$ cat structure.tsv   # TSV, C-alpha atoms
chain	number	residue	atom	x	y	z
R	27	MET	CA	68.99	47.53	-72.88
R	28	ILE	CA	71.52	46.34	-75.49
R	29	ALA	CA	73.67	49.44	-74.93
R	30	ASN	CA	73.76	48.78	-71.16
R	31	HIS	CA	74.75	45.13	-71.72
R	32	SER	CA	77.51	46.19	-74.14
R	33	GLN	CA	78.71	48.84	-71.68
R	34	SER	CA	78.85	46.36	-68.79
R	35	THR	CA	80.78	43.88	-70.98
R	36	SER	CA	83.23	46.62	-71.90
R	37	ASN	CA	83.66	47.55	-68.24
R	38	GLU	CA	84.24	43.92	-67.24
R	39	GLN	CA	86.87	43.49	-69.96
R	40	LEU	CA	88.60	46.70	-68.95
R	41	GLN	CA	88.57	45.67	-65.27
R	42	THR	CA	90.05	42.29	-66.24
R	43	ALA	CA	92.81	44.03	-68.20
R	44	LEU	CA	93.51	46.50	-65.40
R	45	HIS	CA	93.72	43.66	-62.89
R	46	ALA	CA	96.33	41.98	-65.12
R	47	TYR	CA	98.16	45.28	-65.81
R	48	PRO	CA	101.48	44.36	-64.07
R	49	LYS	CA	101.63	41.06	-65.94
R	50	LEU	CA	100.76	42.75	-69.25
R	51	LEU	CA	103.45	45.34	-68.62
R	52	SER	CA	105.99	42.62	-67.81
R	53	VAL	CA	105.25	40.76	-71.05
R	54	ALA	CA	105.46	43.94	-73.13
R	55	ARG	CA	108.72	44.95	-71.43
R	56	ARG	CA	110.26	41.54	-72.12
R	57	ILE	CA	109.48	41.95	-75.84
R	58	THR	CA	110.36	45.63	-76.25
R	59	GLY	CA	113.24	45.76	-73.78
R	60	CYS	CA	112.16	49.20	-72.58
R	61	MET	CA	109.73	50.16	-69.83
R	62	SER	CA	108.42	53.30	-71.55
R	63	LEU	CA	107.74	51.42	-74.81
R	64	ALA	CA	106.04	48.65	-72.83
R	65	GLU	CA	103.80	51.17	-71.10
R	66	ASP	CA	102.86	52.65	-74.49
R	67	VAL	CA	101.94	49.22	-75.84
R	68	VAL	CA	99.77	48.32	-72.84
R	69	GLN	CA	98.07	51.73	-72.89
R	70	GLU	CA	97.27	51.27	-76.57
R	71	VAL	CA	95.67	47.88	-75.87
R	72	LEU	CA	93.61	49.40	-73.05
R	73	LEU	CA	92.44	52.16	-75.39
R	74	GLN	CA	91.44	49.54	-77.93
R	75	LEU	CA	89.37	47.80	-75.27
R	76	VAL	CA	87.63	51.07	-74.41
R	77	SER	CA	86.94	52.09	-78.00
R	78	LYS	CA	86.03	48.63	-79.31
R	79	PRO	CA	85.26	45.99	-76.66
R	80	LEU	CA	85.99	42.33	-77.33
R	81	LYS	CA	83.21	40.15	-78.69
R	82	GLU	CA	81.04	38.51	-76.06
R	83	ASP	CA	81.76	35.02	-77.38
R	84	ILE	CA	85.39	35.19	-76.14
R	85	ALA	CA	85.40	32.76	-73.23
R	86	ALA	CA	88.66	33.89	-71.57
R	87	PRO	CA	89.29	37.62	-72.07
R	88	ALA	CA	92.47	37.76	-69.92
R	89	PRO	CA	94.57	35.44	-72.17
R	90	TYR	CA	93.09	37.17	-75.21
R	91	VAL	CA	94.21	40.58	-73.93
R	92	MET	CA	97.64	39.09	-73.13
R	93	ARG	CA	97.87	37.92	-76.76
R	94	MET	CA	96.87	41.42	-77.92
R	95	VAL	CA	99.75	42.90	-75.90
R	96	ARG	CA	102.24	40.34	-77.25
R	97	ASN	CA	101.15	40.93	-80.84
R	98	LEU	CA	101.21	44.71	-80.53
R	99	ALA	CA	104.64	44.72	-78.84
R	100	THR	CA	106.03	42.37	-81.51
R	101	ASP	CA	104.56	44.52	-84.29
R	102	HIS	CA	106.04	47.62	-82.68
R	103	MET	CA	109.52	46.08	-82.52
R	104	ARG	CA	109.28	44.86	-86.13
R	105	ARG	CA	108.29	48.36	-87.23
R	106	LEU	CA	111.26	49.84	-85.36
R	107	GLN	CA	113.65	47.35	-86.96
R	108	TYR	CA	112.21	48.09	-90.39
R	109	GLU	CA	112.52	51.85	-89.87
R	110	ARG	CA	116.12	51.45	-88.69
R	111	GLY	CA	116.84	49.43	-91.84
R	112	LEU	CA	115.57	52.29	-93.99
R	113	PHE	CA	118.28	54.59	-92.72
R	114	LEU	CA	121.08	52.03	-92.81
R	115	ASP	CA	122.02	52.94	-96.41
R	116	GLU	CA	122.41	56.58	-95.41
R	117	GLU	CA	124.81	55.66	-92.59
R	118	VAL	CA	126.83	53.36	-94.85
R	119	GLY	CA	127.00	56.09	-97.50
R	120	GLY	CA	129.17	58.22	-95.26
R	121	ASN	CA	126.63	60.98	-94.68
R	122	THR	CA	126.79	60.63	-90.92
R	123	SER	CA	129.43	61.96	-88.62
R	124	ALA	CA	132.01	59.58	-87.17
R	125	TYR	CA	131.15	61.05	-83.78
R	126	GLY	CA	127.50	59.93	-83.79
R	127	SER	CA	124.32	61.95	-83.62
R	128	PRO	CA	123.86	64.96	-81.36
R	129	GLU	CA	121.34	62.95	-79.32
R	130	GLU	CA	123.88	60.17	-78.74
R	131	HIS	CA	126.50	62.71	-77.76
R	132	LEU	CA	124.07	64.35	-75.32
R	133	HIS	CA	123.09	61.02	-73.72
R	134	GLU	CA	126.73	59.96	-73.44
R	135	ALA	CA	127.58	63.29	-71.82
R	136	GLU	CA	124.71	62.84	-69.36
R	137	ALA	CA	125.83	59.28	-68.57
R	138	TYR	CA	129.39	60.51	-68.02
R	139	LYS	CA	128.10	63.29	-65.75
R	140	ALA	CA	126.13	60.73	-63.70
R	141	PHE	CA	129.23	58.54	-63.48
R	142	ARG	CA	131.45	61.49	-62.47
R	143	CYS	CA	128.97	62.65	-59.80
R	144	THR	CA	128.84	59.12	-58.38
R	145	VAL	CA	132.64	58.93	-58.20
R	146	GLU	CA	132.86	62.39	-56.62
R	147	SER	CA	130.29	61.46	-53.97
R	148	MET	CA	132.30	58.42	-52.80
R	149	PRO	CA	134.17	58.60	-49.48
R	150	ALA	CA	137.77	59.78	-50.00
R	151	ARG	CA	139.39	56.40	-49.34
R	152	THR	CA	136.96	54.50	-51.57
R	153	ARG	CA	137.37	57.07	-54.32
R	154	LYS	CA	141.17	56.82	-54.10
R	155	PHE	CA	141.01	53.01	-54.30
R	156	TYR	CA	138.54	53.17	-57.20
R	157	GLU	CA	140.59	55.64	-59.24
R	158	GLU	CA	143.84	53.75	-58.63
R	159	HIS	CA	142.35	50.40	-59.58
R	160	TYR	CA	140.12	51.35	-62.55
R	161	PHE	CA	141.99	54.34	-63.97
R	162	ASP	CA	145.62	53.55	-63.12
R	163	ASP	CA	145.36	49.72	-63.30
R	164	VAL	CA	146.87	49.24	-59.85
R	165	PRO	CA	146.16	45.68	-58.59
R	166	GLN	CA	143.98	45.33	-55.51
R	167	ASN	CA	146.70	43.65	-53.45
R	168	ILE	CA	149.07	46.59	-54.05
R	169	ILE	CA	146.36	49.07	-53.04
R	170	ALA	CA	145.68	47.06	-49.88
R	171	LYS	CA	149.39	46.84	-49.02
R	172	GLU	CA	149.95	50.60	-49.51
R	173	ALA	CA	146.84	51.49	-47.47
R	174	GLY	CA	147.59	48.97	-44.74
R	175	VAL	CA	144.22	47.23	-45.04
R	176	SER	CA	143.11	43.75	-46.08
R	177	CYS	CA	142.58	42.74	-49.70
R	178	ALA	CA	139.04	41.71	-48.80
R	179	LEU	CA	138.23	45.26	-47.65
R	180	VAL	CA	139.64	46.76	-50.85
R	181	CYS	CA	137.74	44.21	-52.96
R	182	GLY	CA	134.47	44.92	-51.13
R	183	LEU	CA	134.84	48.69	-51.41
R	184	LEU	CA	135.70	48.47	-55.11
R	185	ARG	CA	132.78	46.13	-55.83
R	186	GLU	CA	130.32	48.42	-54.03
R	187	ALA	CA	131.71	51.55	-55.70
R	188	HIS	CA	131.65	49.97	-59.14
R	189	SER	CA	128.06	48.77	-58.61
R	190	ARG	CA	127.03	52.32	-57.74
R	191	CYS	CA	128.70	53.66	-60.88
R	192	LEU	CA	127.02	51.05	-63.07
R	193	ALA	CA	123.65	51.79	-61.44
R	194	ALA	CA	124.06	55.53	-62.12
R	195	ILE	CA	124.88	54.84	-65.77
R	196	ALA	CA	121.99	52.36	-66.10
R	197	LEU	CA	119.58	54.85	-64.53
R	198	GLU	CA	120.70	57.46	-67.03
R	199	ALA	CA	120.29	54.88	-69.83
R	200	ASP	CA	116.70	54.22	-68.72
R	201	HIS	CA	115.97	57.94	-68.99
R	202	GLY	CA	117.29	57.90	-72.54
R	203	CYS	CA	115.31	54.81	-73.54
R	204	ALA	CA	112.70	56.83	-75.41
R	205	ALA	CA	115.43	58.15	-77.71
R	206	GLY	CA	115.54	54.79	-79.49
R	207	SER	CA	116.41	51.22	-78.79
R	208	GLY	CA	119.48	51.42	-81.03
R	209	HIS	CA	120.98	54.02	-78.72
R	210	ARG	CA	120.02	51.90	-75.71
R	211	ARG	CA	121.83	48.94	-77.25
R	212	ASN	CA	125.01	51.03	-77.65
R	213	ARG	CA	124.87	52.12	-74.01
R	214	SER	CA	124.25	48.62	-72.70
R	215	THR	CA	127.30	47.51	-74.66
R	216	ARG	CA	129.33	50.23	-72.96
R	217	VAL	CA	128.03	49.14	-69.54
R	218	ARG	CA	129.05	45.55	-70.31
R	219	GLU	CA	132.49	46.80	-71.36
R	220	MET	CA	132.83	48.66	-68.06
R	221	ARG	CA	131.94	45.50	-66.14
R	222	ALA	CA	134.75	43.68	-67.92
$ encode --input "structure.tsv" --output "structure tokens"
Amino acid sequence: MIANHSQSTSNEQLQTALHAYPKLLSVARRITGCMSLAEDVVQEVLLQLVSKPLKEDIAAPAPYVMRMVRNLATDHMRRLQYERGLFLDEEVGGNTSAYGSPEEHLHEAEAYKAFRCTVESMPARTRKFYEEHYFDDVPQNIIAKEAGVSCALVCGLLREAHSRCLAAIALEADHGCAAGSGHRRNRSTRVREMRA
């Protein structure tokens, strides 16, 4: 009888956690900054609930599980920062290449490929405007005058094209998130630089 009561308590706690899954995932993502890391954290909490249910005297299991997710995500980020600090001396010592790691080079090449494919898939006129403005530094009003169109049209086309390029790079960055949050930080810096 005790085993059945414990099993039903465990099932209720797990159902409560699964019902709050999107919220748990959102909290973990806010702390970790990465969807795949957030999913790992939430899955680990769910496994803890399965293997060792919460005590029955916990009045509100949903906030308790939320606190478990916050604590685990925070611990995970602290561990990552600590591990990155361990290798900082090696980088300062000059043992690393000035060109970055092979993984960084691969992810940058993939991001560039995504960017290039996005530019190549643009309509001819939009692509011409985009390349003139962003690569040759031609002002929008000059592009509009030469093409015989309004500045507003050129501005709209450039904004839409640039948004597509940034989205392609961001999508590629999300795929590379598991490679490490330090690499993700470098890519987000590059995306911000492109926006400027």
$ residues_around --input "structure.tsv" --residues "Leu183 in chain R" --least-positions-apart "6" --cutoff "9 Å" --atoms "only C-alpha atoms" --output "PyMOL selection string"
chain R and resi 152+155-156
$ residues_around --input "structure.tsv" --residues "Ala46 in chain R" --least-positions-apart "2" --cutoff "12 Å" --atoms "only C-alpha atoms" --output "PyMOL selection string"
chain R and resi 39-44+48-53+68+72+87-92+95
$ write_last_selection --input "structure.tsv" --atoms "C-alpha atoms" --output "CSV table (one decimal), in the frame of the given file"
chain,number,residue,atom,x,y,z
R,39,GLN,CA,86.9,43.5,-70.0
R,40,LEU,CA,88.6,46.7,-69.0
R,41,GLN,CA,88.6,45.7,-65.3
R,42,THR,CA,90.0,42.3,-66.2
R,43,ALA,CA,92.8,44.0,-68.2
R,44,LEU,CA,93.5,46.5,-65.4
R,48,PRO,CA,101.5,44.4,-64.1
R,49,LYS,CA,101.6,41.1,-65.9
R,50,LEU,CA,100.8,42.8,-69.2
R,51,LEU,CA,103.4,45.3,-68.6
R,52,SER,CA,106.0,42.6,-67.8
R,53,VAL,CA,105.2,40.8,-71.0
R,68,VAL,CA,99.8,48.3,-72.8
R,72,LEU,CA,93.6,49.4,-73.0
R,87,PRO,CA,89.3,37.6,-72.1
R,88,ALA,CA,92.5,37.8,-69.9
R,89,PRO,CA,94.6,35.4,-72.2
R,90,TYR,CA,93.1,37.2,-75.2
R,91,VAL,CA,94.2,40.6,-73.9
R,92,MET,CA,97.6,39.1,-73.1
R,95,VAL,CA,99.8,42.9,-75.9
$ residues_around --input "structure.tsv" --residues "Glu198 in chain R" --least-positions-apart "5" --cutoff "8 Å" --atoms "only C-alpha atoms" --output "count of residues only"
4
$ atom_distance --input "structure.tsv" --atom1 "CA of Ala150 in chain R" --atom2 "CA of Leu197 in chain R"
23.8 Å
$ build_atoms --input "structure.tsv" --residues "range 50-61 of chain R" --atoms "N, CA and C atoms" --output "PDB file, in the coordinates of the input"
ATOM      1  N   LEU R  50     100.738  42.249 -67.871  1.00  0.00           N
ATOM      2  CA  LEU R  50     100.760  42.750 -69.250  1.00  0.00           C
ATOM      3  C   LEU R  50     101.994  43.611 -69.489  1.00  0.00           C
ATOM      4  N   LEU R  51     102.287  44.457 -68.519  1.00  0.00           N
ATOM      5  CA  LEU R  51     103.450  45.340 -68.620  1.00  0.00           C
ATOM      6  C   LEU R  51     104.738  44.526 -68.651  1.00  0.00           C
ATOM      7  N   SER R  52     104.814  43.480 -67.849  1.00  0.00           N
ATOM      8  CA  SER R  52     105.990  42.620 -67.810  1.00  0.00           C
ATOM      9  C   SER R  52     106.216  41.933 -69.158  1.00  0.00           C
ATOM     10  N   VAL R  53     105.147  41.429 -69.753  1.00  0.00           N
ATOM     11  CA  VAL R  53     105.250  40.760 -71.050  1.00  0.00           C
ATOM     12  C   VAL R  53     105.704  41.750 -72.124  1.00  0.00           C
ATOM     13  N   ALA R  54     105.097  42.930 -72.138  1.00  0.00           N
ATOM     14  CA  ALA R  54     105.460  43.940 -73.130  1.00  0.00           C
ATOM     15  C   ALA R  54     106.906  44.399 -72.946  1.00  0.00           C
ATOM     16  N   ARG R  55     107.348  44.520 -71.692  1.00  0.00           N
ATOM     17  CA  ARG R  55     108.720  44.950 -71.430  1.00  0.00           C
ATOM     18  C   ARG R  55     109.724  43.891 -71.890  1.00  0.00           C
ATOM     19  N   ARG R  56     109.372  42.627 -71.690  1.00  0.00           N
ATOM     20  CA  ARG R  56     110.260  41.540 -72.120  1.00  0.00           C
ATOM     21  C   ARG R  56     110.446  41.582 -73.643  1.00  0.00           C
ATOM     22  N   ILE R  57     109.400  41.919 -74.377  1.00  0.00           N
ATOM     23  CA  ILE R  57     109.480  41.950 -75.840  1.00  0.00           C
ATOM     24  C   ILE R  57     110.168  43.209 -76.331  1.00  0.00           C
ATOM     25  N   THR R  58     109.808  44.367 -75.762  1.00  0.00           N
ATOM     26  CA  THR R  58     110.360  45.630 -76.250  1.00  0.00           C
ATOM     27  C   THR R  58     111.721  45.951 -75.651  1.00  0.00           C
ATOM     28  N   GLY R  59     111.977  45.472 -74.439  1.00  0.00           N
ATOM     29  CA  GLY R  59     113.240  45.760 -73.780  1.00  0.00           C
ATOM     30  C   GLY R  59     113.298  47.139 -73.155  1.00  0.00           C
ATOM     31  N   CYS R  60     112.176  47.830 -73.104  1.00  0.00           N
ATOM     32  CA  CYS R  60     112.160  49.200 -72.580  1.00  0.00           C
ATOM     33  C   CYS R  60     110.844  49.432 -71.844  1.00  0.00           C
ATOM     34  N   MET R  61     110.923  49.953 -70.630  1.00  0.00           N
ATOM     35  CA  MET R  61     109.730  50.160 -69.830  1.00  0.00           C
ATOM     36  C   MET R  61     108.783  51.184 -70.453  1.00  0.00           C
TER      37      MET R  61
END
